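Below you'll find the structure, written out as structure tokens, and then a few comments.
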4 protein chains.
Amino acid sequence: MRPNIKNIAVLTSGGDAPGMNACIRAVVRTGIYNGVNVFGVLQGYQGLINDNIIPMDARSVSNIIHLGGTILKTARCLEFKTDEGMEIAFRNLKSREIDGLVVIGGDGTFTGAQKLGEKYGVQVIGVPGTIDNDLYGSDFTLGYDTAINTVIDAIDKIRDTADSHDRLFFIEVMGRDSGCIALRSAIASGAEAVLLPEKATSLNELIAQLETGASTKKSSSIVIVSEGHKHGGAYDIAKKVKERFNHYDTKVTILGHLQRGGSPSSFDRILASRLGFAAVNELLKGNTMQMVGLRGNEIKTTSIEEALTKHAFKLESDLLEMTKVLSI
Amino acid sequence: MRPNIKNIAVLTSGGDAPGMNACIRAVVRTGIYNGVNVFGVLQGYQGLINDNIIPMDARSVSNIIHLGGTILKTARCLEFKTDEGMEIAFRNLKSREIDGLVVIGGDGTFTGAQKLGEKYGVQVIGVPGTIDNDLYGSDFTLGYDTAINTVIDAIDKIRDTADSHDRLFFIEVMGRDSGCIALRSAIASGAEAVLLPEKATSLNELIAQLETGASTKKSSSIVIVSEGHKHGGAYDIAKKVKERFNHYDTKVTILGHLQRGGSPSSFDRILASRLGFAAVNELLKGNTMQMVGLRGNEIKTTSIEEALTKHAFKLESDLLEMTKVLSI
Amino acid sequence: MRPNIKNIAVLTSGGDAPGMNACIRAVVRTGIYNGVNVFGVLQGYQGLINDNIIPMDARSVSNIIHLGGTILKTARCLEFKTDEGMEIAFRNLKSREIDGLVVIGGDGTFTGAQKLGEKYGVQVIGVPGTIDNDLYGSDFTLGYDTAINTVIDAIDKIRDTADSHDRLFFIEVMGRDSGCIALRSAIASGAEAVLLPEKATSLNELIAQLETGASTKKSSSIVIVSEGHKHGGAYDIAKKVKERFNHYDTKVTILGHLQRGGSPSSFDRILASRLGFAAVNELLKGNTMQMVGLRGNEIKTTSIEEALTKHAFKLESDLLEMTKVLSI
Amino acid sequence: MRPNIKNIAVLTSGGDAPGMNACIRAVVRTGIYNGVNVFGVLQGYQGLINDNIIPMDARSVSNIIHLGGTILKTARCLEFKTDEGMEIAFRNLKSREIDGLVVIGGDGTFTGAQKLGEKYGVQVIGVPGTIDNDLYGSDFTLGYDTAINTVIDAIDKIRDTADSHDRLFFIEVMGRDSGCIALRSAIASGAEAVLLPEKATSLNELIAQLETGASTKKSSSIVIVSEGHKHGGAYDIAKKVKERFNHYDTKVTILGHLQRGGSPSSFDRILASRLGFAAVNELLKGNTMQMVGLRGNEIKTTSIEEALTKHAFKLESDLLEMTKVLSI
């Protein structure tokens, strides 16, 4: 069952996502429960190169399950993309006899892990940890649920403010290449329109949609704008709408990085716990270059290869259709 | 496609659950979008009998997606269980030519709907709306995700308080016959132990588990108690533990009805929107006596018959196992 | 004690502020408790002119104490500034024999009330309801405490995100002419710097402050920008800093209108209740053209005249000094 | 200005209160800013005896302003009440040449500090840190505002749940000897009744009050019970009411220790910052045996003697009167 694994390590890399700490906790405790030594790598791949690797025990992950961010920190690391960098990283793992590695992050993180696995035979398992939900093989990535909750909390507050006709609120949310946050936020907040990077909505279409709302006596309208939209950010779009439809009173909110933080939702904590638990079990079974993910209500593995190459388009188009019906 | 349906009604019944309003909104707007008149029944089956039925339009469900509770109210109704009561209810529907009914609630609600469907041929579709998550055919019921979030918010605050050895916090959560809330809350809050109605944990087992924690230098422990446990509520159990293990300093929190309220999470709002949307589409397709539910990431139907009879035991036993590993 | 008052009205005007509903509730119930009829005016002064005035009873303010926004709505009203408009407004009050008016809002609201009082002898009492805290005579205005809580919730989430050197977060908060929100938010969030409309901080000064932080190994810095700053909004300032100090990674959040919404904090609900209660009691005592406010821990009156003319500069400069000490 | 002080220490003692960390941060940074060395004492007076005293720098209080609990921990310490214990504590301070001590806590904490000051001439300044708000000399103590916010969040959720006549919710809040939390929570949540330790409300009076509510068509009622009430806790009172008025459907929530935790509100963080800042400044001025507190909107000192002896009854009786008017 546990062929060779005696020492494993865990790192977080890329933009942080709520639930990373809950996942680190699960990796550490599942490892220890199974008689394996667990190391934490600080600041992602940079820490591997800098030998910033610390032993962890069950208590070193106490009282972190509810914290946003990551106690292991993350960092961008160009050096790891070079042959020399990866060689150093491998030697640091080797010197501690670490033969299994759990990486928590997004596509950049997985690309690095894959190379390490291919070139040096390190057993690597990936956990999808990114608020963008843009990986193939997991219905939800860590932090996605929390990020949407953060967005709708903000929009709920905006809804409170005095209704007045022809008032348009533009809310910019994260997702440069992926409209997942924007789409689900739009449904959950009851927004009147949503602009996604995957879909080229013209300003005319947007205006038409809002005018319909006005004709049915909506008192104010909320438009969710994904930061990667071709017409620009919320400010640019609000300006353009205002120029052509001067009677609108436009107000802009840019949520920015606060969407990456916050205490993880119960959904993200449970998902993080299950994924961390599963990742270690995959290592113990001798598996490698797999991503563990949630499909339906079950934890399944997908090859990192597949997770990376098929991730392009994940937008739930039936939900997009529904948004129109529900915002009449 | 839409055989006969011209008028439909929606009601909420049983204990309320966050997300009911989002679902009512979806039912009303999906109906209207499809050219159907939609009526709201106030106070559940009682309102059917009392003819407390009002026409609804797209604006009557504006700005409710984020509200806890239900704008249609709920009530217990013994009269509906009698032949006379059901007859009166049917006539009130008939007089408005309402031929389709969406009921949002738990098993009691569905039992009533089933009878109405069987006896009078009213087309009925059920939406699982209960925080207990105790219905077969839907991985999640409306309000379940929000309720767990409410519980973990409370426990996070308790975790903040000063660590001191041998301090035990007992938190009583809802779920008289179902440990679903307790189990998922335990995972998401990182609780040290959980007592479920489905499982006869002895006090000795509980103490043993806590002593293990103490030996690994845990500074304080949290025990989640489902209200239906055989040893009684959190107070009773705390008292019994204290009697036999006097060195423990025990503290009790009873969350009670606040678990039924609160603004629905994004997960519950999206689920509610999808289920309400699907329920109306089922009516339009001519279907009846079905429950719409979430399975995996898709909306599927289950016969109400099946939803009711198979609901007995839904506890995720793999998660229960995992809880032990992660709380070392 | 209650000379002539038999009918009073209440309105909200200007930008809405959390706590307005709690105050409306207090006005209505205190009036009714004292045997006075209470009317609600919809949409501020516009409603006075349009005769949009409704009778209220104790139940019409049930379950609103916790809601953001205002059930009476607000609106801008240019017409009320004309003699004709005010004349019509007065007649509508007169026709219902309303001789006392409670207005909840900011300086624009009070200016209108004062004219109505002076010209027509209507008894008017003002309640300071604005998140900006820019009125003389009340240490806190309604909504100010809630707005600051909203801001710090956002900043707490930003603090969660991965530390990396030379990362600067710029957070734009409300307060075009008043840095009150910015200053208190800066203290409560532990921000490294704050830019206020009342104070001409140069970009050099800002950079110097941040460099000091960097030299003491701060991993990232948060700068609060009041929307009225002479260097422009957070975007403009971030851009200018980036241009001159290219090694900074700058991130921007614009909170916008969400600061006006949200469920009022306990502080604002209690303040709102006390002020509404006091406003009616002032009317009953025969007082007019007064603002009720919180000074120290007591409710005191200030003439509207004084509240308006002395409101210019309220910045707590000792707190500004303290901010520097505490952000080392 | 700074006669002798070169080294100061800070400790937290008693039940923890939100805002303690913000205060520790202010003490540490204000000290360092003024060229003084600052030490942190772990686990309150127990840490003084155990010599559990660590040097602190500006970075050791980074990113704690928003955290509940206390990074210095608290503990009960019987040994400090003995002559021997206090002697050891003093020697530990002496050996580090610590001549000033800031203690954050409630009356027990202050009693200890006073003795240390009197007997050994250690300069001591107290900061009122307790959710109970039961100290003379400060309108608000640290944590009080946050605790009330926590209570009303809970009650808001309960308000969401389905209205039904004759339903009574009993909510037990903290305050064994002080009804401060109960009273302000009652106002802020719009509760129908409140039972305080300071006031002997009979069950008949309570019932009478609730029957009045019922006659005015209130759909459900909320009763806040302070844990120290002579009729017992919420469970006991609910039971007694149910026995005599069987038609009531009673539901109980016991909030317990979660009231001590949670991220401090902006009010508490600002208060904590100001008090910590002031405490160090008092030490620098050579003052001792004073408590710093908030009176009105200013920070003022009170002798610890006075703070302790006058603290008995602080209930705001005008607010209690108002509660009745506003809950009609």
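Ligands are numbered from 1 in the order shown, chains are lettered A, B, ... in the order of the structure tokens, and residues start at 1 in each chain.
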Just want the 6 Å neighbourhood of Pro197 (chain D), counted on only C-alpha atoms, with same-chain residues fewer than 6 positions away dropped. Output as a VMD selection string. chain D and resid 179 228 to 229
Could you write out the selected residues, including N, CA and C atoms, as a short mmCIF file (atom, residue, chain, number, x, y, z; two decimals), in the first residue's frame?
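Now in result28.cif:
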data_model
loop_
_atom_site.label_atom_id
_atom_site.label_comp_id
_atom_site.auth_asym_id
_atom_site.auth_seq_id
_atom_site.Cartn_x
_atom_site.Cartn_y
_atom_site.Cartn_z
N GLY D 179 -26.01 43.67 33.27
CA GLY D 179 -26.96 43.53 32.17
C GLY D 179 -26.61 44.40 30.97
N GLY D 228 -27.23 35.97 34.32
CA GLY D 228 -27.27 36.06 35.78
C GLY D 228 -28.65 36.33 36.37
N HIS D 229 -29.70 36.07 35.59
CA HIS D 229 -31.01 36.45 36.12
C HIS D 229 -31.48 35.52 37.23
#
Leaving out Thr109 (chain B) and any residue of its chain fewer than 3 positions from it, which residues lie within 12 Å of it when counting only C-alpha atoms, given as a PyMOL selection string? chain B and resi 11-16+44-46+74-78+80-81+102-106+112-116+124-130+135+291+304+307-308
Selection export as a PDB file, in the first residue's frame, atoms kept: C-alpha atoms:
ATOM      1  CA  LEU B  11     -45.820  27.552  -1.673  1.00  0.00           C
ATOM      2  CA  THR B  12     -43.281  27.025   1.105  1.00  0.00           C
ATOM      3  CA  SER B  13     -44.012  24.670   3.956  1.00  0.00           C
ATOM      4  CA  GLY B  14     -42.315  23.233   7.044  1.00  0.00           C
ATOM      5  CA  GLY B  15     -39.380  24.835   8.827  1.00  0.00           C
ATOM      6  CA  ASP B  16     -37.979  27.640   6.770  1.00  0.00           C
ATOM      7  CA  GLY B  44     -48.159  26.794   3.068  1.00  0.00           C
ATOM      8  CA  TYR B  45     -51.012  24.318   2.945  1.00  0.00           C
ATOM      9  CA  GLN B  46     -52.935  26.422   5.448  1.00  0.00           C
ATOM     10  CA  THR B  74     -44.842  28.748   6.245  1.00  0.00           C
ATOM     11  CA  ALA B  75     -47.154  27.117   8.759  1.00  0.00           C
ATOM     12  CA  ARG B  76     -47.973  23.713  10.082  1.00  0.00           C
ATOM     13  CA  CYS B  77     -51.350  22.526   8.879  1.00  0.00           C
ATOM     14  CA  LEU B  78     -53.079  19.537  10.421  1.00  0.00           C
ATOM     15  CA  PHE B  80     -54.608  19.522   5.179  1.00  0.00           C
ATOM     16  CA  LYS B  81     -54.059  15.962   6.359  1.00  0.00           C
ATOM     17  CA  VAL B 102     -44.442  23.891  -6.866  1.00  0.00           C
ATOM     18  CA  VAL B 103     -43.939  22.995  -3.206  1.00  0.00           C
ATOM     19  CA  ILE B 104     -40.726  23.956  -1.421  1.00  0.00           C
ATOM     20  CA  GLY B 105     -40.015  22.113   1.805  1.00  0.00           C
ATOM     21  CA  GLY B 106     -39.055  18.829   3.434  1.00  0.00           C
ATOM     22  CA  GLY B 112     -48.905  16.464   1.243  1.00  0.00           C
ATOM     23  CA  ALA B 113     -48.037  17.249  -2.343  1.00  0.00           C
ATOM     24  CA  GLN B 114     -48.013  13.611  -3.300  1.00  0.00           C
ATOM     25  CA  LYS B 115     -51.525  13.090  -1.963  1.00  0.00           C
ATOM     26  CA  LEU B 116     -52.786  16.164  -3.786  1.00  0.00           C
ATOM     27  CA  VAL B 124     -46.957  18.797  -8.406  1.00  0.00           C
ATOM     28  CA  ILE B 125     -43.206  19.301  -8.387  1.00  0.00           C
ATOM     29  CA  GLY B 126     -41.204  19.346  -5.145  1.00  0.00           C
ATOM     30  CA  VAL B 127     -38.129  21.401  -4.340  1.00  0.00           C
ATOM     31  CA  PRO B 128     -36.026  20.110  -1.427  1.00  0.00           C
ATOM     32  CA  GLY B 129     -35.965  23.035   1.002  1.00  0.00           C
ATOM     33  CA  THR B 130     -34.722  22.072   4.439  1.00  0.00           C
ATOM     34  CA  LEU B 135     -33.958  13.896   1.371  1.00  0.00           C
ATOM     35  CA  MET B 291     -38.658  16.264  -6.932  1.00  0.00           C
ATOM     36  CA  ILE B 304     -41.361  12.081  -4.762  1.00  0.00           C
ATOM     37  CA  ALA B 307     -37.313  10.842  -2.313  1.00  0.00           C
ATOM     38  CA  LEU B 308     -39.510  10.069   0.677  1.00  0.00           C
TER      39      LEU B 308
END
Please find the residues of chain C near chain D - the criterion being any atom within 6 Å, counting only C-alpha atoms - and write them as a list in words.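 For chain C, the answer reads Ala26, Arg29, Asn149, Ala188, Ser266, Arg269, Ile270, Gly296, Asn297 and Leu326 of chain C.
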Give the alpha helix (DSSP H) residues of region 32-193 of chain D, as DSSP finds them on the backbone, and put them as a PyMOL selection string. chain D and resi 32-33+44-49+83-95+107-120+144-160+180-189
Taking the DSSP secondary structure from the backbone, can you list the residues of region 170-301 of chain B that are strand (DSSP E or B), as a PyMOL selection string? chain B and resi 170-173+193-195+220-226+249-254+290-295+298-301
Create the file for the chosen residues now, containing C-alpha atoms and written as a compact mmCIF listing (two decimals), in the first residue's frame.
# COMPACT_ATOMS: atom_id res chain seq x y z
CA PHE B 170 -19.92 21.62 23.50
CA ILE B 171 -21.85 23.09 20.58
CA GLU B 172 -25.35 21.84 19.93
CA VAL B 173 -26.48 22.01 16.32
CA ALA B 193 -15.33 15.15 18.15
CA VAL B 194 -18.86 14.90 16.84
CA LEU B 195 -21.90 13.13 18.27
CA SER B 220 -8.80 23.06 24.00
CA SER B 221 -11.36 20.86 22.33
CA ILE B 222 -14.61 21.40 20.51
CA VAL B 223 -17.35 18.79 20.47
CA ILE B 224 -20.28 19.13 18.08
CA VAL B 225 -23.48 17.58 19.38
CA SER B 226 -26.42 16.89 17.12
CA ASP B 249 -13.83 23.02 32.28
CA THR B 250 -16.94 22.61 30.12
CA LYS B 251 -18.73 25.40 28.23
CA VAL B 252 -21.98 25.04 26.31
CA THR B 253 -23.45 26.82 23.30
CA ILE B 254 -26.89 25.98 21.93
CA GLN B 290 -41.23 14.56 -9.10
CA MET B 291 -38.66 16.26 -6.93
CA VAL B 292 -35.96 18.28 -8.65
CA GLY B 293 -32.56 17.93 -7.01
CA LEU B 294 -28.84 18.47 -7.41
CA ARG B 295 -26.85 15.38 -8.24
CA GLU B 298 -26.53 18.65 -12.50
CA ILE B 299 -30.20 19.09 -11.83
CA LYS B 300 -32.03 15.77 -11.98
CA THR B 301 -35.51 14.56 -11.08
A straight line from CA of Gly262 (chain D) to CA of Gly68 (chain D) spans 5.0 Å
Just give me the gap between CA of Val36 (chain C) and CA of Asn92 (chain C) in Å, one decimal is fine.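 About the pair CA of Val36 (chain C) and CA of Asn92 (chain C): they are 18.2 Å apart.
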Could you list, as a VMD selection string, every residue within 10 Å of Ile49 (chain A), counting only C-alpha atoms and ignoring same-chain residues fewer than 3 positions away? chain A and resid 41 43 to 46 52 to 53 77 79 to 80 84 to 93
For CA of Glu227 (chain A) and CA of Leu258 (chain C), the interatomic separation in Å (one decimal):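 Computing the Euclidean distance for CA of Glu227 (chain A) and CA of Leu258 (chain C) yields 18.6 Å.
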